[in-house]
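As provided, work-v2.txt (compact mmCIF, C-alpha atoms) reads as follows.
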```
# COMPACT_ATOMS: atom_id res chain seq x y z
CA ASP X 1 71.58 -145.97 -35.07
CA SER X 2 68.42 -143.86 -34.90
CA GLY X 3 70.30 -140.58 -35.32
CA VAL X 4 69.25 -139.37 -31.87
CA THR X 5 72.22 -139.43 -29.51
CA GLN X 6 71.88 -139.58 -25.76
CA THR X 7 74.73 -139.35 -23.29
CA PRO X 8 75.67 -140.81 -20.97
CA LYS X 9 74.19 -144.27 -21.46
CA HIS X 10 74.46 -145.12 -17.78
CA LEU X 11 74.69 -142.93 -14.73
CA ILE X 12 74.94 -143.92 -11.08
CA THR X 13 74.71 -141.20 -8.48
CA ALA X 14 73.77 -140.65 -4.86
CA THR X 15 70.60 -139.21 -3.41
CA GLY X 16 70.62 -135.44 -3.19
CA GLN X 17 72.92 -135.02 -6.16
CA ARG X 18 72.31 -133.27 -9.47
CA VAL X 19 72.86 -134.73 -12.93
CA THR X 20 72.55 -133.54 -16.52
CA LEU X 21 71.39 -135.75 -19.35
CA ARG X 22 72.19 -134.71 -22.88
CA CYS X 23 70.38 -135.29 -26.15
CA SER X 24 71.40 -134.47 -29.71
CA PRO X 25 68.44 -134.69 -32.07
CA ARG X 26 68.49 -136.21 -35.51
CA SER X 27 69.88 -133.86 -38.12
CA GLY X 28 67.16 -131.48 -39.30
CA ASP X 29 64.79 -132.18 -36.42
CA LEU X 30 63.64 -129.11 -34.50
CA SER X 31 61.61 -130.76 -31.73
CA VAL X 32 63.03 -132.60 -28.75
CA TYR X 33 60.90 -134.57 -26.32
CA TRP X 34 61.90 -136.09 -22.99
CA TYR X 35 60.25 -139.17 -21.53
CA GLN X 36 60.80 -141.10 -18.31
CA GLN X 37 60.31 -144.85 -18.02
CA SER X 38 60.27 -146.14 -14.47
CA LEU X 39 60.34 -149.84 -13.65
CA ASP X 40 57.42 -151.71 -15.20
CA GLN X 41 55.85 -148.48 -16.38
CA GLY X 42 55.14 -147.03 -19.77
CA LEU X 43 56.98 -143.99 -20.98
CA GLN X 44 55.81 -140.81 -19.25
CA PHE X 45 56.04 -137.53 -21.13
CA LEU X 46 58.10 -134.90 -19.34
CA ILE X 47 58.65 -131.93 -21.64
CA GLN X 48 58.97 -130.82 -25.26
CA TYR X 49 61.07 -128.12 -26.87
CA TYR X 50 60.67 -126.81 -30.38
CA ASN X 51 63.41 -124.74 -31.96
CA GLY X 52 64.68 -123.56 -28.60
CA GLU X 53 61.36 -122.81 -26.95
CA GLU X 54 59.38 -124.86 -24.47
CA ARG X 55 56.30 -126.16 -26.29
CA ALA X 56 54.60 -128.59 -23.92
CA LYS X 57 55.00 -129.75 -20.36
CA GLY X 58 53.92 -133.03 -18.80
CA ASN X 59 54.20 -134.30 -15.25
CA ILE X 60 57.70 -132.99 -14.81
CA LEU X 61 58.79 -132.46 -11.23
CA GLU X 62 59.91 -129.02 -10.12
CA ARG X 63 63.31 -130.55 -9.31
CA PHE X 64 63.69 -131.28 -13.02
CA SER X 65 64.35 -128.73 -15.72
CA ALA X 66 65.32 -128.77 -19.35
CA GLN X 67 66.47 -126.50 -22.11
CA GLN X 68 67.21 -126.60 -25.80
CA PHE X 69 70.24 -124.76 -27.06
CA PRO X 70 70.74 -122.84 -30.35
CA ASP X 71 72.43 -125.87 -31.90
CA LEU X 72 69.19 -127.75 -31.00
CA HIS X 73 70.73 -130.17 -28.55
CA SER X 74 68.85 -130.46 -25.29
CA GLU X 75 69.75 -131.09 -21.68
CA LEU X 76 67.58 -132.47 -18.91
CA ASN X 77 68.71 -131.43 -15.44
CA LEU X 78 67.64 -133.52 -12.46
CA SER X 79 68.41 -132.15 -9.01
CA SER X 80 67.96 -133.21 -5.37
CA LEU X 81 67.79 -136.74 -6.67
CA GLU X 82 65.69 -139.33 -4.87
CA LEU X 83 65.70 -143.12 -5.12
CA GLY X 84 62.43 -142.93 -7.04
CA ASP X 85 64.08 -140.95 -9.82
CA SER X 86 65.89 -144.10 -10.90
CA ALA X 87 64.59 -144.76 -14.40
CA LEU X 88 65.32 -144.82 -18.08
CA TYR X 89 65.20 -141.36 -19.60
CA PHE X 90 64.50 -141.23 -23.31
CA CYS X 91 64.87 -138.36 -25.67
CA ALA X 92 63.04 -138.26 -28.99
CA SER X 93 63.13 -135.83 -31.87
CA SER X 94 60.93 -134.91 -34.79
CA VAL X 95 61.23 -132.51 -37.69
CA ASP X 96 58.27 -130.40 -36.57
CA ASP X 97 56.03 -130.27 -33.53
CA ARG X 98 53.73 -133.03 -34.66
CA VAL X 99 53.58 -136.42 -33.03
CA HIS X 100 54.17 -138.22 -36.30
CA GLY X 101 57.71 -139.27 -36.97
CA TYR X 102 59.10 -139.45 -33.46
CA THR X 103 62.59 -140.95 -33.38
CA PHE X 104 63.86 -142.10 -30.02
CA GLY X 105 67.39 -142.29 -28.71
CA SER X 106 68.61 -145.36 -26.86
CA GLY X 107 68.11 -143.73 -23.47
CA THR X 108 70.08 -142.92 -20.34
CA ARG X 109 69.70 -145.33 -17.45
CA LEU X 110 69.88 -143.38 -14.19
CA THR X 111 70.41 -145.22 -10.94
CA VAL X 112 70.15 -143.27 -7.71
CA VAL X 113 71.67 -145.03 -4.70
CA ASP Q 1 46.01 -142.20 -14.35
CA GLN Q 2 46.86 -144.73 -17.05
CA GLN Q 3 45.05 -143.55 -20.17
CA VAL Q 4 46.50 -146.31 -22.33
CA LYS Q 5 46.37 -149.84 -21.00
CA GLN Q 6 48.04 -152.98 -22.22
CA ASN Q 7 47.05 -156.12 -20.37
CA SER Q 8 48.69 -159.53 -20.61
CA PRO Q 9 52.25 -158.28 -20.10
CA SER Q 10 53.85 -161.19 -21.92
CA LEU Q 11 53.03 -163.36 -24.90
CA SER Q 12 54.77 -166.44 -26.25
CA VAL Q 13 54.01 -167.56 -29.78
CA GLN Q 14 55.39 -170.16 -32.15
CA GLU Q 15 57.28 -168.94 -35.20
CA GLY Q 16 54.95 -168.63 -38.18
CA ARG Q 17 51.83 -168.17 -36.08
CA ILE Q 18 49.92 -164.97 -35.40
CA SER Q 19 50.75 -162.62 -32.53
CA ILE Q 20 47.91 -160.43 -31.32
CA LEU Q 21 48.53 -157.55 -28.95
CA ASN Q 22 45.69 -155.58 -27.42
CA CYS Q 23 45.46 -152.02 -26.20
CA ASP Q 24 42.63 -150.09 -24.54
CA TYR Q 25 42.38 -146.36 -24.01
CA THR Q 26 40.17 -144.17 -21.89
CA ASN Q 27 40.61 -140.69 -23.37
CA SER Q 28 38.00 -140.08 -26.08
CA MET Q 29 40.09 -137.16 -27.39
CA PHE Q 30 42.77 -139.53 -28.69
CA ASP Q 31 42.71 -139.58 -32.47
CA TYR Q 32 46.05 -141.03 -33.47
CA PHE Q 33 47.50 -144.31 -32.34
CA LEU Q 34 50.94 -145.82 -32.73
CA TRP Q 35 52.76 -149.02 -31.97
CA TYR Q 36 56.41 -149.00 -31.04
CA LYS Q 37 58.79 -151.92 -30.77
CA LYS Q 38 61.66 -151.94 -28.31
CA TYR Q 39 64.69 -154.20 -28.06
CA PRO Q 40 66.82 -154.30 -24.89
CA ALA Q 41 69.28 -151.41 -24.56
CA GLU Q 42 67.65 -149.57 -27.46
CA GLY Q 43 65.01 -146.87 -27.70
CA PRO Q 44 61.52 -147.56 -28.99
CA THR Q 45 61.24 -147.66 -32.77
CA PHE Q 46 58.09 -146.76 -34.65
CA LEU Q 47 56.26 -149.72 -36.11
CA ILE Q 48 52.85 -148.71 -37.43
CA SER Q 49 50.17 -146.12 -36.79
CA ILE Q 50 46.50 -145.49 -37.43
CA SER Q 51 44.36 -142.40 -37.52
CA SER Q 52 40.91 -142.40 -35.94
CA ILE Q 53 39.31 -141.93 -39.36
CA LYS Q 54 40.37 -145.46 -40.25
CA ASP Q 55 39.64 -148.81 -38.69
CA LYS Q 56 42.53 -150.74 -40.21
CA ASN Q 57 46.05 -150.07 -41.39
CA GLU Q 58 48.37 -152.66 -42.84
CA ASP Q 59 52.10 -152.63 -43.42
CA GLY Q 60 53.61 -155.91 -44.51
CA ARG Q 61 53.27 -158.44 -41.70
CA PHE Q 62 51.83 -155.83 -39.33
CA THR Q 63 48.19 -154.80 -39.16
CA VAL Q 64 46.58 -152.48 -36.65
CA PHE Q 65 42.83 -152.53 -36.05
CA LEU Q 66 40.95 -149.72 -34.34
CA ASN Q 67 37.53 -150.00 -32.72
CA LYS Q 68 36.65 -146.47 -31.66
CA SER Q 69 33.36 -147.33 -30.02
CA ALA Q 70 35.13 -149.83 -27.77
CA LYS Q 71 38.21 -147.61 -27.37
CA HIS Q 72 40.28 -150.60 -28.33
CA LEU Q 73 43.03 -151.32 -30.79
CA SER Q 74 45.04 -154.38 -31.61
CA LEU Q 75 48.24 -155.22 -33.43
CA HIS Q 76 48.45 -158.39 -35.48
CA ILE Q 77 51.79 -159.80 -36.57
CA VAL Q 78 51.53 -162.51 -39.21
CA PRO Q 79 53.60 -164.59 -39.54
CA SER Q 80 55.59 -164.07 -36.36
CA GLN Q 81 59.35 -164.32 -36.69
CA PRO Q 82 62.07 -164.75 -34.03
CA GLY Q 83 63.25 -161.19 -34.75
CA ASP Q 84 59.86 -159.96 -33.58
CA SER Q 85 60.77 -160.89 -30.01
CA ALA Q 86 60.69 -157.51 -28.26
CA VAL Q 87 58.56 -155.29 -26.06
CA TYR Q 88 55.68 -153.62 -27.89
CA PHE Q 89 54.25 -150.33 -26.71
CA CYS Q 90 50.90 -148.91 -27.65
CA ALA Q 91 50.76 -145.10 -27.70
CA ALA Q 92 48.12 -142.47 -28.40
CA SER Q 93 47.84 -138.75 -28.94
CA ALA Q 94 45.08 -136.17 -29.21
CA TRP Q 95 44.84 -133.69 -32.08
CA GLY Q 96 46.93 -130.61 -31.41
CA ASN Q 97 48.72 -132.33 -28.57
CA ASN Q 98 52.30 -133.28 -29.21
CA ARG Q 99 52.78 -135.71 -26.39
CA LEU Q 100 52.27 -139.45 -26.55
CA ALA Q 101 50.54 -141.45 -23.84
CA PHE Q 102 52.10 -144.90 -23.64
CA GLY Q 103 50.93 -148.21 -22.31
CA LYS Q 104 53.22 -150.31 -20.11
CA GLY Q 105 54.20 -152.60 -22.95
CA ASN Q 106 53.83 -156.25 -23.90
CA GLN Q 107 56.79 -158.63 -24.00
CA VAL Q 108 56.54 -160.88 -27.05
CA VAL Q 109 58.67 -164.01 -27.35
CA VAL Q 110 58.62 -165.84 -30.67
CA ILE Q 111 59.74 -169.43 -30.29
CA PRO Q 112 61.63 -170.85 -33.29
```

Go through the file and emit its structure as structure tokens.
Amino acid sequence: DSGVTQTPKHLITATGQRVTLRCSPRSGDLSVYWYQQSLDQGLQFLIQYYNGEERAKGNILERFSAQQFPDLHSELNLSSLELGDSALYFCASSVDDRVHGYTFGSGTRLTVV
Amino acid sequence: DQQVKQNSPSLSVQEGRISILNCDYTNSMFDYFLWYKKYPAEGPTFLISISSIKDKNEDGRFTVFLNKSAKHLSLHIVPSQPGDSAVYFCAASAWGNNRLAFGKGNQVVVIP
């Protein structure tokens, strides 16, 4: 157990729908990062939050949004889902906003049908 | 645009022998490099890292070599063990940038 908790582990939904992925960072970690891993691809950075504020943004689609709450858990919202959004979504956390010491959760596998 | 590239998607090696994984990068601003290991149904776990001011970092059976002029790094695992069977990701970051750029990963199978 890495200490980073992601729920749900699996999600199957239809095109056009909206889903929310949840991440609880490791205790004491202030930064949360979201990554997407599509089939046969490396992990692609989506967005980072640090202590409740957006810190960095990657190639995140406009249909996707995220937030970090006062208790530091984060949610990634995916809307108007398309087949191509099917992927593994990983959350990682770190104590500060440095890249050292990333700890990843076990991911949420999203399947859009 | 894939800034971190891992060729040879899979590697099979006999237990006790050396596993060598290669990684190339294109962004000259990268100054910190990491290797992650991933088992099925788990998230990536940090393995070893190297800063651009070094050309080698060793941690037990794992050694990472960095050749900045060639924009190339490699991970050596000696001796390989069956528990090393996993997917290995190379990742890189630039100073002041909190995101990691990942390669597509290499599947390593260690044969007992």

Could you name the residues that touch region 41-58 of chain Q at 7 Å or less, counting only C-alpha atoms, but leaving out those on the same chain fewer than 4 positions away, as an MDAnalysis selection string?
(chainID X and resid 103:107) or (chainID Q and resid 31:37 62:67)

Contacts from chain X to chain Q, 12 Å maximum, all atoms listed in the file: show me the residue list as a short mmCIF file (atom, residue, chain, number, x, y, z; two decimals) with C-alpha atoms, in the coordinates of the input.
```
data_model
loop_
_atom_site.label_atom_id
_atom_site.label_comp_id
_atom_site.auth_asym_id
_atom_site.auth_seq_id
_atom_site.Cartn_x
_atom_site.Cartn_y
_atom_site.Cartn_z
CA ASP X 1 71.58 -145.97 -35.07
CA SER X 2 68.42 -143.86 -34.90
CA GLY X 3 70.30 -140.58 -35.32
CA VAL X 4 69.25 -139.37 -31.87
CA THR X 5 72.22 -139.43 -29.51
CA GLN X 6 71.88 -139.58 -25.76
CA LYS X 9 74.19 -144.27 -21.46
CA HIS X 10 74.46 -145.12 -17.78
CA SER X 31 61.61 -130.76 -31.73
CA VAL X 32 63.03 -132.60 -28.75
CA TYR X 33 60.90 -134.57 -26.32
CA TRP X 34 61.90 -136.09 -22.99
CA TYR X 35 60.25 -139.17 -21.53
CA GLN X 36 60.80 -141.10 -18.31
CA GLN X 37 60.31 -144.85 -18.02
CA SER X 38 60.27 -146.14 -14.47
CA LEU X 39 60.34 -149.84 -13.65
CA ASP X 40 57.42 -151.71 -15.20
CA GLN X 41 55.85 -148.48 -16.38
CA GLY X 42 55.14 -147.03 -19.77
CA LEU X 43 56.98 -143.99 -20.98
CA GLN X 44 55.81 -140.81 -19.25
CA PHE X 45 56.04 -137.53 -21.13
CA LEU X 46 58.10 -134.90 -19.34
CA ILE X 47 58.65 -131.93 -21.64
CA GLN X 48 58.97 -130.82 -25.26
CA TYR X 49 61.07 -128.12 -26.87
CA TYR X 50 60.67 -126.81 -30.38
CA GLU X 54 59.38 -124.86 -24.47
CA ARG X 55 56.30 -126.16 -26.29
CA ALA X 56 54.60 -128.59 -23.92
CA LYS X 57 55.00 -129.75 -20.36
CA GLY X 58 53.92 -133.03 -18.80
CA ASN X 59 54.20 -134.30 -15.25
CA LEU X 88 65.32 -144.82 -18.08
CA TYR X 89 65.20 -141.36 -19.60
CA PHE X 90 64.50 -141.23 -23.31
CA CYS X 91 64.87 -138.36 -25.67
CA ALA X 92 63.04 -138.26 -28.99
CA SER X 93 63.13 -135.83 -31.87
CA SER X 94 60.93 -134.91 -34.79
CA ASP X 96 58.27 -130.40 -36.57
CA ASP X 97 56.03 -130.27 -33.53
CA ARG X 98 53.73 -133.03 -34.66
CA VAL X 99 53.58 -136.42 -33.03
CA HIS X 100 54.17 -138.22 -36.30
CA GLY X 101 57.71 -139.27 -36.97
CA TYR X 102 59.10 -139.45 -33.46
CA THR X 103 62.59 -140.95 -33.38
CA PHE X 104 63.86 -142.10 -30.02
CA GLY X 105 67.39 -142.29 -28.71
CA SER X 106 68.61 -145.36 -26.86
CA GLY X 107 68.11 -143.73 -23.47
CA THR X 108 70.08 -142.92 -20.34
CA ARG X 109 69.70 -145.33 -17.45
#
```

Taking into account all atoms listed in the file, which residue in the set Q:Val78, Q:Tyr88, Q:Ile111, Q:Lys68 is nearest to Ser28 (chain Q)?
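Closest to Ser28 (chain Q), using all atoms listed in the file: Q:Lys68.
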
Proximity to Gln68 (chain X) - best of X:Val113, X:Asn51, X:Leu81, X:Thr13, all atoms listed in the file
X:Asn51

So which one's closest to Asp84 (chain Q), Q:Phe30, Q:Val109, Q:Ser69, Q:Arg61? Using only C-alpha atoms, please.
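Checking each of Q:Phe30, Q:Val109, Q:Ser69, Q:Arg61 against Asp84 (chain Q), counting only C-alpha atoms, the winner is Q:Val109.
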
Please compute the CA of Asp29 (chain X)-CA of Leu78 (chain X) distance, one decimal, in Å.
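These atoms are spaced 24.2 Å apart.
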
The distance between CA of Asn22 (chain Q) and CA of Pro112 (chain Q) is 22.8 Å

Can you sort out the box for region 71-80 of chain Q, edges along x, y and z, all listed atoms in, 4 Å on every side, with centre and edge lengths in Å to one decimal, as JSON?
```
{"center_x": 46.9, "center_y": -156.1, "center_z": -33.5, "size_x": 25.4, "size_y": 25.0, "size_z": 20.2}
```

Report as a ChimeraX atom specification all protein, DNA and RNA residues lying within 10 Å of Asp71 (chain X), evaluated on only C-alpha atoms, omitting residues in the same chain fewer than 2 positions from it.
/X:24-25,30,51-52,68-69,73-74

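Reported to one decimal place, the separation of CA of Leu61 (chain X) from CA of Thr26 (chain Q) is 24.4 Å.
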